[in-house]
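model19.txt follows; it contains compact mmCIF, C-alpha atoms.
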# COMPACT_ATOMS: atom_id res chain seq x y z
CA MET A 1 7.27 -80.78 116.06
CA SER A 2 5.24 -78.39 113.94
CA PRO A 3 4.04 -79.82 110.63
CA LEU A 4 6.04 -77.09 108.94
CA GLU A 5 9.21 -77.54 110.99
CA PRO A 6 11.90 -78.79 108.60
CA THR A 7 14.26 -81.59 109.40
CA THR A 8 16.98 -79.70 107.57
CA SER A 9 17.37 -76.03 106.75
CA GLU A 10 18.39 -74.35 103.53
CA SER A 11 20.69 -71.44 102.88
CA ALA A 12 19.11 -68.27 101.53
CA TRP A 13 21.16 -68.74 98.35
CA ARG A 14 19.70 -72.19 97.82
CA VAL A 15 16.19 -70.84 98.38
CA PHE A 16 16.92 -68.11 95.83
CA LEU A 17 18.04 -70.62 93.19
CA VAL A 18 14.97 -72.80 93.70
CA PHE A 19 12.61 -69.86 93.33
CA LEU A 20 14.61 -68.41 90.45
CA ARG A 21 13.91 -71.52 88.42
CA LEU A 22 10.21 -71.20 89.27
CA GLY A 23 10.31 -67.51 88.36
CA LEU A 24 11.71 -68.38 84.94
CA THR A 25 9.22 -71.14 84.16
CA SER A 26 5.96 -70.43 86.06
CA PHE A 27 3.51 -69.24 83.41
CA GLY A 28 -0.26 -69.17 83.78
CA GLY A 29 -1.13 -66.89 86.68
CA PRO A 30 -1.47 -67.36 90.46
CA ILE A 31 -3.49 -70.59 90.40
CA ALA A 32 -0.87 -72.20 88.16
CA HIS A 33 1.89 -70.79 90.38
CA LEU A 34 0.37 -72.46 93.44
CA SER A 35 0.24 -75.74 91.54
CA TYR A 36 3.92 -75.41 90.61
CA PHE A 37 4.75 -74.64 94.25
CA ARG A 38 2.88 -77.69 95.50
CA LEU A 39 4.66 -79.95 93.03
CA GLU A 40 8.04 -78.49 93.95
CA PHE A 41 7.80 -78.13 97.73
CA VAL A 42 5.27 -80.77 98.79
CA GLU A 43 5.83 -83.63 96.37
CA ARG A 44 9.39 -83.18 95.14
CA ARG A 45 11.33 -81.54 97.99
CA ARG A 46 8.97 -82.43 100.87
CA TRP A 47 9.58 -79.14 102.64
CA LEU A 48 6.09 -79.39 104.15
CA THR A 49 3.04 -81.62 104.20
CA ASP A 50 0.08 -81.27 101.86
CA ARG A 51 -2.12 -80.22 104.79
CA SER A 52 0.38 -77.57 105.90
CA TYR A 53 0.62 -76.25 102.36
CA SER A 54 -3.18 -76.04 102.02
CA ASP A 55 -3.34 -74.15 105.32
CA LEU A 56 -0.72 -71.66 104.11
CA VAL A 57 -2.54 -71.15 100.81
CA ALA A 58 -5.78 -70.50 102.73
CA LEU A 59 -4.11 -67.78 104.77
CA CYS A 60 -2.60 -66.04 101.74
CA GLN A 61 -5.90 -66.12 99.87
CA LEU A 62 -7.55 -64.44 102.85
CA LEU A 63 -4.99 -61.60 102.89
CA PRO A 64 -4.72 -58.70 100.45
CA GLY A 65 -1.85 -59.04 98.00
CA PRO A 66 -0.56 -61.58 95.48
CA ALA A 67 -1.32 -64.97 97.05
CA SER A 68 1.30 -66.99 95.17
CA SER A 69 4.08 -64.52 96.01
CA GLN A 70 3.03 -64.49 99.65
CA VAL A 71 3.09 -68.30 99.76
CA GLY A 72 6.61 -68.16 98.35
CA MET A 73 7.69 -65.57 100.92
CA ALA A 74 6.30 -67.69 103.76
CA LEU A 75 8.10 -70.80 102.49
CA GLY A 76 11.37 -68.87 102.25
CA LEU A 77 10.85 -67.43 105.74
CA HIS A 78 10.26 -70.86 107.21
CA ARG A 79 13.11 -72.56 105.39
CA ALA A 80 15.87 -69.95 105.77
CA GLY A 81 14.56 -67.22 108.08
CA TRP A 82 14.30 -63.58 107.08
CA PRO A 83 17.01 -63.83 104.39
CA GLY A 84 15.00 -66.74 102.97
CA LEU A 85 11.88 -64.58 102.67
CA LEU A 86 13.82 -62.00 100.65
CA ALA A 87 15.52 -64.70 98.58
CA ALA A 88 12.25 -66.41 97.70
CA TRP A 89 10.66 -63.12 96.66
CA ALA A 90 13.66 -62.02 94.60
CA GLY A 91 14.07 -65.35 92.82
CA PHE A 92 10.41 -65.63 91.87
CA THR A 93 9.93 -61.94 90.96
CA LEU A 94 13.07 -60.62 89.29
CA PRO A 95 12.87 -62.55 85.97
CA SER A 96 9.50 -61.08 85.00
CA ALA A 97 10.38 -57.67 86.50
CA VAL A 98 13.50 -57.43 84.32
CA LEU A 99 11.52 -58.39 81.23
CA MET A 100 8.83 -55.80 82.01
CA ILE A 101 11.40 -53.03 82.50
CA LEU A 102 13.08 -53.95 79.22
CA PHE A 103 9.69 -53.77 77.50
CA ALA A 104 9.07 -50.35 79.06
CA LEU A 105 12.41 -49.08 77.79
CA GLY A 106 11.49 -50.32 74.34
CA VAL A 107 8.12 -48.55 74.42
CA ALA A 108 9.71 -45.33 75.68
CA GLY A 109 12.69 -45.42 73.33
CA TYR A 110 11.01 -45.83 69.94
CA GLU A 111 8.75 -43.20 68.40
CA GLY A 112 5.34 -44.44 67.36
CA ILE A 113 5.63 -47.86 69.00
CA VAL A 114 2.47 -47.33 71.05
CA GLU A 115 0.49 -46.65 67.88
CA SER A 116 1.94 -49.66 66.04
CA GLY A 117 -0.27 -52.53 64.92
CA TRP A 118 1.32 -55.20 67.09
CA LEU A 119 0.91 -53.10 70.21
CA HIS A 120 -2.74 -52.51 69.31
CA GLY A 121 -3.01 -56.31 69.19
CA LEU A 122 -1.62 -56.46 72.72
CA LYS A 123 -4.26 -53.99 73.91
CA ILE A 124 -7.00 -56.11 72.32
CA VAL A 125 -5.76 -59.26 74.02
CA ALA A 126 -5.88 -57.36 77.33
CA VAL A 127 -9.66 -57.26 76.84
CA ALA A 128 -9.73 -61.05 76.58
CA VAL A 129 -7.42 -61.50 79.57
CA VAL A 130 -9.47 -59.22 81.83
CA ALA A 131 -12.71 -60.85 80.63
CA GLN A 132 -11.23 -64.26 81.47
CA ALA A 133 -10.27 -62.97 84.93
CA VAL A 134 -13.78 -61.58 85.52
CA TRP A 135 -15.34 -64.85 84.35
CA GLY A 136 -13.10 -67.06 86.47
CA MET A 137 -13.31 -64.89 89.59
CA ALA A 138 -17.08 -64.58 89.30
CA ARG A 139 -17.46 -68.35 89.12
CA SER A 140 -15.33 -68.93 92.22
CA LEU A 141 -16.13 -65.85 94.32
CA CYS A 142 -19.77 -65.08 93.40
CA THR A 143 -21.29 -68.48 94.08
CA ASP A 144 -24.82 -67.32 94.94
CA ARG A 145 -27.27 -64.59 94.00
CA LEU A 146 -26.31 -62.35 96.90
CA ARG A 147 -22.63 -62.29 95.98
CA ALA A 148 -23.47 -61.86 92.28
CA GLY A 149 -25.72 -58.93 93.17
CA MET A 150 -22.95 -57.42 95.30
CA ALA A 151 -20.51 -57.72 92.38
CA LEU A 152 -22.90 -56.03 89.93
CA SER A 153 -23.66 -53.28 92.43
CA ALA A 154 -19.93 -52.76 92.97
CA ALA A 155 -19.42 -52.43 89.20
CA VAL A 156 -22.17 -49.80 88.95
CA LEU A 157 -20.77 -47.88 91.92
CA THR A 158 -17.25 -48.00 90.50
CA LEU A 159 -18.42 -46.68 87.13
CA ALA A 160 -20.41 -43.95 88.88
CA MET A 161 -17.39 -42.91 90.97
CA PRO A 162 -14.33 -43.50 88.73
CA SER A 163 -11.71 -42.51 91.28
CA VAL A 164 -9.52 -43.83 94.06
CA VAL A 165 -12.14 -42.79 96.60
CA GLY A 166 -14.81 -44.70 94.69
CA GLN A 167 -12.79 -47.90 94.73
CA ILE A 168 -12.04 -47.61 98.45
CA VAL A 169 -15.75 -47.00 99.14
CA VAL A 170 -16.64 -50.11 97.12
CA ILE A 171 -14.17 -52.25 99.09
CA ILE A 172 -15.38 -50.94 102.47
CA VAL A 173 -19.07 -51.27 101.63
CA SER A 174 -18.55 -54.77 100.21
CA GLY A 175 -16.74 -55.85 103.36
CA LEU A 176 -19.50 -54.47 105.61
CA LEU A 177 -22.23 -56.10 103.53
CA GLY A 178 -20.37 -59.40 103.60
CA ARG A 179 -19.92 -59.15 107.37
CA TRP A 180 -23.64 -58.61 107.92
CA ALA A 181 -25.25 -60.67 105.16
CA LEU A 182 -23.04 -63.64 104.30
CA LYS A 183 -22.96 -66.91 106.22
CA ILE A 184 -19.55 -68.59 106.36
CA ASP A 185 -18.55 -71.83 108.03
CA PRO A 186 -15.27 -71.40 109.93
CA ALA A 187 -12.26 -73.61 109.26
CA LEU A 188 -12.17 -76.11 112.11
CA GLY A 189 -10.36 -79.27 113.03
CA GLN A 190 -6.84 -78.31 111.96
CA SER A 191 -4.04 -76.55 113.75
CA ALA A 192 -2.29 -73.71 112.01
CA CYS A 193 1.35 -73.91 110.96
CA SER A 194 3.99 -72.15 113.03
CA TYR A 195 6.57 -69.72 111.65
CA PRO A 196 9.55 -67.95 113.23
CA VAL A 197 7.57 -64.72 113.75
CA SER A 198 6.59 -63.51 117.21
CA ARG A 199 3.35 -61.70 117.94
CA ARG A 200 5.35 -58.58 118.74
CA THR A 201 7.06 -58.72 115.34
CA GLY A 202 3.70 -59.30 113.69
CA ALA A 203 2.21 -56.26 115.44
CA VAL A 204 5.15 -54.09 114.34
CA ALA A 205 4.71 -55.30 110.75
CA LEU A 206 1.02 -54.33 110.80
CA MET A 207 1.91 -50.87 112.13
CA LEU A 208 4.48 -50.45 109.35
CA LEU A 209 1.83 -51.54 106.85
CA VAL A 210 -0.58 -48.80 107.93
CA LEU A 211 1.96 -46.00 108.34
CA PRO A 212 2.63 -45.38 104.60
CA LEU A 213 -1.12 -45.52 103.91
CA VAL A 214 -1.43 -42.47 106.18
CA LEU A 215 1.80 -40.59 105.45
CA LEU A 216 2.15 -41.03 101.68
CA PRO A 217 -1.20 -39.33 100.82
CA VAL A 218 -0.25 -36.42 103.10
CA TRP A 219 3.11 -36.08 101.34
CA ALA A 220 1.51 -36.33 97.91
CA VAL A 221 -1.07 -33.63 98.65
CA ALA A 222 1.35 -31.31 100.48
CA SER A 223 4.17 -31.49 97.92
CA GLY A 224 2.34 -32.15 94.66
CA SER A 225 5.40 -34.17 93.68
CA PRO A 226 4.81 -36.64 90.80
CA LEU A 227 7.05 -39.11 92.60
CA ALA A 228 5.00 -38.83 95.79
CA VAL A 229 1.78 -39.32 93.84
CA LEU A 230 3.19 -42.39 92.09
CA LEU A 231 4.55 -43.91 95.31
CA GLU A 232 1.26 -43.33 97.13
CA GLY A 233 -0.81 -44.84 94.34
CA VAL A 234 1.34 -47.91 93.84
CA TYR A 235 1.63 -48.63 97.57
CA ARG A 236 -2.13 -48.23 98.02
CA ALA A 237 -2.76 -50.58 95.10
CA GLY A 238 -0.50 -53.20 96.65
CA ALA A 239 -2.24 -52.85 100.00
CA LEU A 240 -5.82 -53.05 98.71
CA VAL A 241 -5.67 -55.86 96.15
CA PHE A 242 -8.08 -58.64 97.08
CA GLY A 243 -9.05 -61.46 94.76
CA GLY A 244 -5.98 -61.88 92.57
CA GLY A 245 -3.35 -60.01 90.62
CA HIS A 246 -5.72 -58.87 87.87
CA VAL A 247 -7.43 -56.53 90.32
CA VAL A 248 -4.23 -54.48 90.40
CA LEU A 249 -5.09 -53.12 86.95
CA PRO A 250 -7.99 -50.81 87.96
CA LEU A 251 -6.20 -49.78 91.15
CA LEU A 252 -3.02 -48.84 89.28
CA GLN A 253 -5.02 -47.21 86.50
CA THR A 254 -6.48 -44.70 88.93
CA ALA A 255 -3.04 -44.17 90.46
CA VAL A 256 -0.96 -43.51 87.36
CA VAL A 257 -3.29 -42.57 84.49
CA GLN A 258 -5.46 -40.04 86.31
CA SER A 259 -2.31 -38.39 87.72
CA GLY A 260 -0.88 -38.09 84.20
CA THR A 261 2.30 -40.07 84.87
CA VAL A 262 1.41 -42.87 82.42
CA SER A 263 -0.93 -42.79 79.41
CA THR A 264 -3.80 -45.24 79.04
CA ALA A 265 -2.21 -46.66 75.87
CA ASP A 266 1.06 -47.34 77.69
CA LEU A 267 -0.81 -48.83 80.65
CA LEU A 268 -2.72 -51.34 78.53
CA ALA A 269 0.33 -52.23 76.45
CA GLY A 270 2.27 -53.09 79.59
CA TYR A 271 -0.65 -54.99 81.12
CA ALA A 272 -0.97 -57.12 78.00
CA ALA A 273 2.78 -57.76 77.91
CA ALA A 274 2.64 -58.86 81.56
CA GLN A 275 0.50 -61.81 80.47
CA ALA A 276 3.34 -63.12 78.30
CA VAL A 277 6.01 -63.36 81.00
CA PRO A 278 6.35 -65.88 83.85
CA GLY A 279 6.03 -64.98 87.50
CA PRO A 280 3.63 -62.69 89.37
CA LEU A 281 1.43 -60.14 87.59
CA PHE A 282 2.43 -57.55 90.19
CA THR A 283 5.66 -56.99 88.24
CA PHE A 284 3.45 -54.84 86.03
CA ALA A 285 4.37 -52.10 88.54
CA ALA A 286 8.02 -52.36 87.44
CA TYR A 287 6.92 -51.52 83.89
CA LEU A 288 4.93 -48.51 85.12
CA GLY A 289 7.84 -47.23 87.19
CA ALA A 290 10.20 -47.57 84.24
CA ILE A 291 7.94 -45.76 81.76
CA ALA A 292 6.39 -43.12 84.04
CA ASP A 293 7.04 -39.42 83.56
CA GLY A 294 8.70 -37.82 86.55
CA PRO A 295 11.99 -37.58 88.42
CA LEU A 296 12.57 -41.33 88.20
CA GLY A 297 12.23 -43.74 85.32
CA GLY A 298 14.07 -46.56 83.64
CA TRP A 299 15.70 -49.15 85.85
CA ALA A 300 15.65 -47.02 89.02
CA GLY A 301 11.96 -46.22 88.74
CA GLY A 302 11.07 -49.77 87.75
CA MET A 303 12.86 -51.40 90.66
CA LEU A 304 11.54 -48.83 93.13
CA MET A 305 7.93 -49.41 92.11
CA LEU A 306 8.52 -53.17 92.21
CA VAL A 307 9.57 -52.95 95.87
CA VAL A 308 6.78 -50.51 96.73
CA ILE A 309 3.96 -52.68 95.37
CA PHE A 310 5.21 -55.87 97.05
CA LEU A 311 6.03 -54.26 100.42
CA PRO A 312 2.42 -54.27 101.71
CA ALA A 313 2.06 -57.95 100.75
CA ALA A 314 5.14 -58.86 102.78
CA LEU A 315 4.12 -56.75 105.78
CA VAL A 316 0.56 -58.07 105.97
CA LEU A 317 1.85 -61.64 105.63
CA VAL A 318 4.36 -61.21 108.47
CA GLY A 319 1.69 -59.44 110.51
CA ALA A 320 -0.86 -62.21 110.04
CA LEU A 321 1.32 -65.30 110.48
CA PRO A 322 1.52 -65.28 114.31
CA PHE A 323 -2.22 -64.56 114.62
CA TRP A 324 -3.44 -67.02 112.00
CA GLU A 325 -4.76 -69.64 114.41
CA SER A 326 -7.26 -67.23 115.96
CA LEU A 327 -8.06 -65.36 112.74
CA ARG A 328 -8.96 -68.47 110.80
CA GLN A 329 -11.72 -69.33 113.29
CA ARG A 330 -13.55 -66.00 112.97
CA LYS A 331 -16.67 -66.28 110.85
CA ASP A 332 -17.21 -62.51 110.78
CA LEU A 333 -13.75 -61.87 109.30
CA GLN A 334 -14.16 -64.60 106.69
CA ALA A 335 -17.59 -63.22 105.77
CA ALA A 336 -16.17 -59.72 105.38
CA VAL A 337 -13.40 -60.99 103.13
CA SER A 338 -15.95 -62.93 101.05
CA GLY A 339 -17.88 -59.70 100.62
CA ILE A 340 -14.72 -57.85 99.59
CA ASN A 341 -13.94 -60.58 97.07
CA ALA A 342 -17.38 -60.11 95.49
CA GLY A 343 -16.77 -56.37 95.42
CA VAL A 344 -13.46 -56.67 93.62
CA VAL A 345 -15.13 -58.78 90.94
CA GLY A 346 -17.32 -55.75 90.35
CA ILE A 347 -14.31 -53.41 90.30
CA LEU A 348 -12.63 -55.58 87.70
CA LEU A 349 -15.86 -55.77 85.68
CA ALA A 350 -15.97 -51.97 85.61
CA ALA A 351 -12.33 -51.88 84.51
CA LEU A 352 -13.15 -54.29 81.68
CA TYR A 353 -15.29 -51.51 80.22
CA ASP A 354 -13.16 -48.50 81.19
CA PRO A 355 -10.27 -48.28 80.45
CA VAL A 356 -9.72 -51.70 78.83
CA TRP A 357 -12.60 -51.91 76.32
CA THR A 358 -12.89 -48.19 75.57
CA SER A 359 -9.17 -47.88 74.81
CA ALA A 360 -8.67 -51.07 72.78
CA ILE A 361 -11.87 -51.80 70.83
CA HIS A 362 -12.54 -49.47 67.88
CA ASP A 363 -14.37 -51.57 65.27
CA ARG A 364 -15.95 -54.95 64.60
CA TRP A 365 -12.61 -56.55 63.73
CA ASP A 366 -11.24 -55.61 67.13
CA VAL A 367 -14.30 -57.25 68.71
CA ALA A 368 -13.74 -60.38 66.62
CA THR A 369 -10.06 -60.55 67.61
CA ALA A 370 -10.93 -60.13 71.29
CA LEU A 371 -13.57 -62.90 71.07
CA ILE A 372 -11.11 -65.26 69.40
CA ALA A 373 -8.51 -64.53 72.09
CA PHE A 374 -11.12 -65.07 74.81
CA GLY A 375 -12.11 -68.41 73.25
CA LEU A 376 -8.49 -69.53 73.09
CA LEU A 377 -7.99 -68.69 76.76
CA VAL A 378 -11.27 -69.99 78.22
CA VAL A 379 -12.35 -72.78 75.87
CA ALA A 380 -9.10 -74.04 74.35
CA HIS A 381 -7.06 -73.35 77.53
CA ALA A 382 -4.21 -72.01 75.40
CA PRO A 383 -1.19 -70.66 77.31
CA PRO A 384 -1.63 -66.90 77.89
CA PHE A 385 1.82 -66.05 76.55
CA LEU A 386 0.96 -67.81 73.27
CA VAL A 387 -2.35 -65.92 72.92
CA VAL A 388 -0.55 -62.63 73.57
CA LEU A 389 2.05 -63.47 70.93
CA LEU A 390 -0.61 -64.39 68.36
CA ALA A 391 -2.58 -61.19 69.02
CA GLY A 392 0.53 -59.11 68.54
CA ILE A 393 1.26 -60.81 65.23
CA VAL A 394 -2.35 -60.33 64.06
CA GLY A 395 -2.24 -56.65 64.97
CA TRP A 396 1.07 -56.21 63.14
CA ALA A 397 -0.20 -58.05 60.03
CA VAL A 398 -3.39 -55.97 59.83
CA VAL A 399 -1.51 -52.69 59.36
CA LEU A 400 0.87 -54.03 56.71

Could you spell out this file's structure in structure tokens?
Amino acid sequence: MSPLEPTTSESAWRVFLVFLRLGLTSFGGPIAHLSYFRLEFVERRRWLTDRSYSDLVALCQLLPGPASSQVGMALGLHRAGWPGLLAAWAGFTLPSAVLMILFALGVAGYEGIVESGWLHGLKIVAVAVVAQAVWGMARSLCTDRLRAGMALSAAVLTLAMPSVVGQIVVIIVSGLLGRWALKIDPALGQSACSYPVSRRTGAVALMLLVLPLVLLPVWAVASGSPLAVLLEGVYRAGALVFGGGHVVLPLLQTAVVQSGTVSTADLLAGYAAAQAVPGPLFTFAAYLGAIADGPLGGWAGGMLMLVVIFLPAALVLVGALPFWESLRQRKDLQAAVSGINAGVVGILLAALYDPVWTSAIHDRWDVATALIAFGLLVVAHAPPFLVVLLAGIVGWAVVL
């Protein structure tokens, strides 16, 4: 029996309810989410062993996309089949997505809200949140001088080429440098978990993953449609995110701000608000879809962008699961991914300056507020939602 083979199965509805509770209470980002999942599914429910869970987490951290959401999808797939995958994703994702769409409707529906003091406070706290992400990712992903140098070089290159093409070049170059220069020990001595996904199904999923990456840019260029541009940018962001949910910010910024569908002020306001809700940071896309100018907007646009940004994560997970045993042994692949991870630290570092810092910091008091928020997050380990709330209150009080 596989270490992940359950002695009993669950209905998709039961899986949905379990993940819904996690989606309502899981604050703190992907690392915290994975801790909640381990407590719930390894220790409390015993759906799988600790070793099987660690193996699954390793796979999802190797893949592009939101690791915690992909772990949840895999658990739902194993426990209740394909309906279980959808149920796990919906339960964990919908609470924060609904909150983000409601926030977008509030921003869009009230004149002057983006210029208000409390929203300026949210933009300032975004500086602290991104700085915390850069700091934490650099410590875990840039563990030697070579990786640190790759990250700094990636930041310089990203600032020199502030475009979608520039970010793709950074990711490709970082992967090639990692493949050639980094030395990685392969994971040995353990057998991978098995899932109800055949190699044929996995190959089809990988083909479906690549197809929109080819067709959506063609549609966007040929039609000039704002909807096509938004769909292409959001899907590409979901397909290229390595290193954690915070990296989605610079990728989405190039997709929606440079195309004119969302302003920088609205982007940063939504990104800051995303820190105050439970669940995956990728639900930031629901906010962008709800507030974007174009043929869609509101609930329809928000839910569409939510599906679009998570679709690549689901497809690459399904595509990788049946091949995981052979993939996990390849040192060249792991070295390339390590190089990409160093590169995305640089991309996020560049985003910390532009657009986050340049749009939010205007005087010394803004700097002081951002430093206090950073200290609360990194030194005091205050909950992010509490820091966001305090920054909003400070910003509101300053303009009284």

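For the choices A:Gly202, A:Pro355, A:Gly294, A:Gly279, the atom-to-atom distance to Val262 (chain A) is smallest for A:Gly294 when using only C-alpha atoms.
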
Neighbour list for region 142-157 of chain A as JSON, numbers by chain, cut-off 12 Å, all atoms listed in the file, skip fewer than 5 positions in-chain: {"A": [134, 135, 136, 137, 162, 163, 165, 166, 167, 168, 169, 170, 171, 172, 173, 174, 175, 176, 177, 178, 180, 181, 182, 183, 243, 250, 335, 336, 337, 338, 339, 340, 341, 342, 343, 344, 345, 346, 347, 348, 349, 350, 351, 352, 353, 354]}

Between CA of Ile372 (chain A) and CA of Pro66 (chain A), distance in Å (one decimal):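 Computing the Euclidean distance for CA of Ile372 (chain A) and CA of Pro66 (chain A) yields 28.4 Å.
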
Point-to-point distance from CA of Ala128 (chain A) to CA of Gly375 (chain A), Å rounded to tenths: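 Between these atoms lies a distance of 8.4 Å.
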
Neighbours of point (-8.6, -57.2, 97.9) within 6 Å, using all atoms listed in the file, written as a list in words: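 Result, sorted by chain then residue number: Pro64, Leu240, Val241, Phe242 and Gly243 of chain A.
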
Write out as JSON lines the residues of region 219-299 of chain A that have any atom within 12 Å of an atom of region 86-89 of chain A, one row each with the nearest atom pair and its distance in Å to one decimal, counting all atoms listed in the file, sorted by chain and then rising number.
{"residue": "A:Gly279", "atom": "CA", "partner": "A:Trp89", "partner_atom": "CA", "distance": 10.4}
{"residue": "A:Pro280", "atom": "CA", "partner": "A:Trp89", "partner_atom": "CA", "distance": 10.1}
{"residue": "A:Phe282", "atom": "CA", "partner": "A:Trp89", "partner_atom": "CA", "distance": 11.9}
{"residue": "A:Thr283", "atom": "CA", "partner": "A:Trp89", "partner_atom": "CA", "distance": 11.6}

Please enclose the listed atoms of region 207-220 of chain A in an axis-aligned box, pad each side by 5 Å, and write out the centre and the three edge lengths in Å, rounded to one decimal, as lines of an AutoDock Vina configuration file.
center_x = 1.5
center_y = -43.8
center_z = 105.0
size_x = 15.9
size_y = 25.5
size_z = 24.2

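The closest residue to Val387 (chain A), picked from A:Phe374, A:Thr158, A:Val316, A:Leu206 and counting only C-alpha atoms, is A:Phe374.
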
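Distances here use only C-alpha atoms; by that measure, the residue among A:Arg79, A:Gln132, A:Gly289, A:Gly319 closest to His246 (chain A) is A:Gln132.
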